[in-house]
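Written below as structure tokens is the structure these notes are about.
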Amino acid sequence: MSLKIKSITSVVILTLLLVVPITIYSYLTKGFNNFIKLEIVGEKDPATNNDHIISGFSFINQHGNTINNDSMTGNIYIADFFFTHCPSICPIMTKNMAYVQKKLSVYPNVRFLSHTVDPNNDTPERFMQYVDEMRNNNVAIDLENWDFVTGDKDEIYDIAKSYFVNVSPDSLAPGGFLHSEYFVLIDKEGRVRSGVDKNGNVVGVYDGTNEAQMKDLINDVKVLMAEYKRPKKTKRRW
């Protein structure tokens, strides 16, 4: 090999040694530095500076099992409020929740939680009847990771505030109850999470009667799952 060829080869090798690591680093850190995160909804506790989290709860599901905060540990979940004899928006909400459930069925650690606002009538037995009614109307509900829960009325109404939604009895409302149509996205730490709209405003909640917002919710759940897979920055020890 001539001296000239050796010189050119050395330059090429040196260039590769310098350029390739920088290129790889830029590629690997590009997604890390530009990573999209969902917003954390709610004000921090002024006393502790901790993020707002869903308050403690304990309810009974369609199988008669206790469902509480611990039941959701390690899971992302989507919550809503409804009642089984609702003559207006509830069937639409349940249908759309089932749609979201189906679209996310391939992902682990995702759960669904529907709170009744009419615990006097919505018993575990009534929940199972409701599920059968919805299935007979071609709404595919999978009870493997979806809990319909009932319990103390005051506790249910108090927990709604923690989700930033409204529920109340109202004799003038269809079915005798007012409740939010919103779906709320909760992360593994019990925090309310949300994407932003095209104007950069925090969405906060997702309209359970709006099919387009269900697609937004599905995408935001995927963003949230990716957030948990994001590599953690570690402090360099000297």
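A note on labels: chains of the structure tokens are A, B, ... as shown, every chain counts residues from 1, and ligands are counted from 1 in their shown order.
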If you count only C-alpha atoms, which residues fall within 9 Å of region 127-133 of chain A, apart from same-chain ones fewer than 3 positions away, as an MDAnalysis selection string?
chainID A and resid 61:63 84:85 122:124 136:137 139:141 143 148:149
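Picture a line from CA of Ser180 (chain A) to CA of Lys103 (chain A); it runs 23.2 Å.
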In Å, rounded to a single decimal, give me how far CA of Arg193 (chain A) is from CA of Tyr206 (chain A).
10.7 Å
Taking into account only C-alpha atoms, which residue in the set A:Asp70, A:Asp207, A:Glu155, A:Asp142 is nearest to Lys102 (chain A)?
A:Asp142
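Using only C-alpha atoms, the nearest neighbour of Val192 (chain A) within the list A:Asp154, A:Asp51, A:Asp118, A:Asp45 is A:Asp51.
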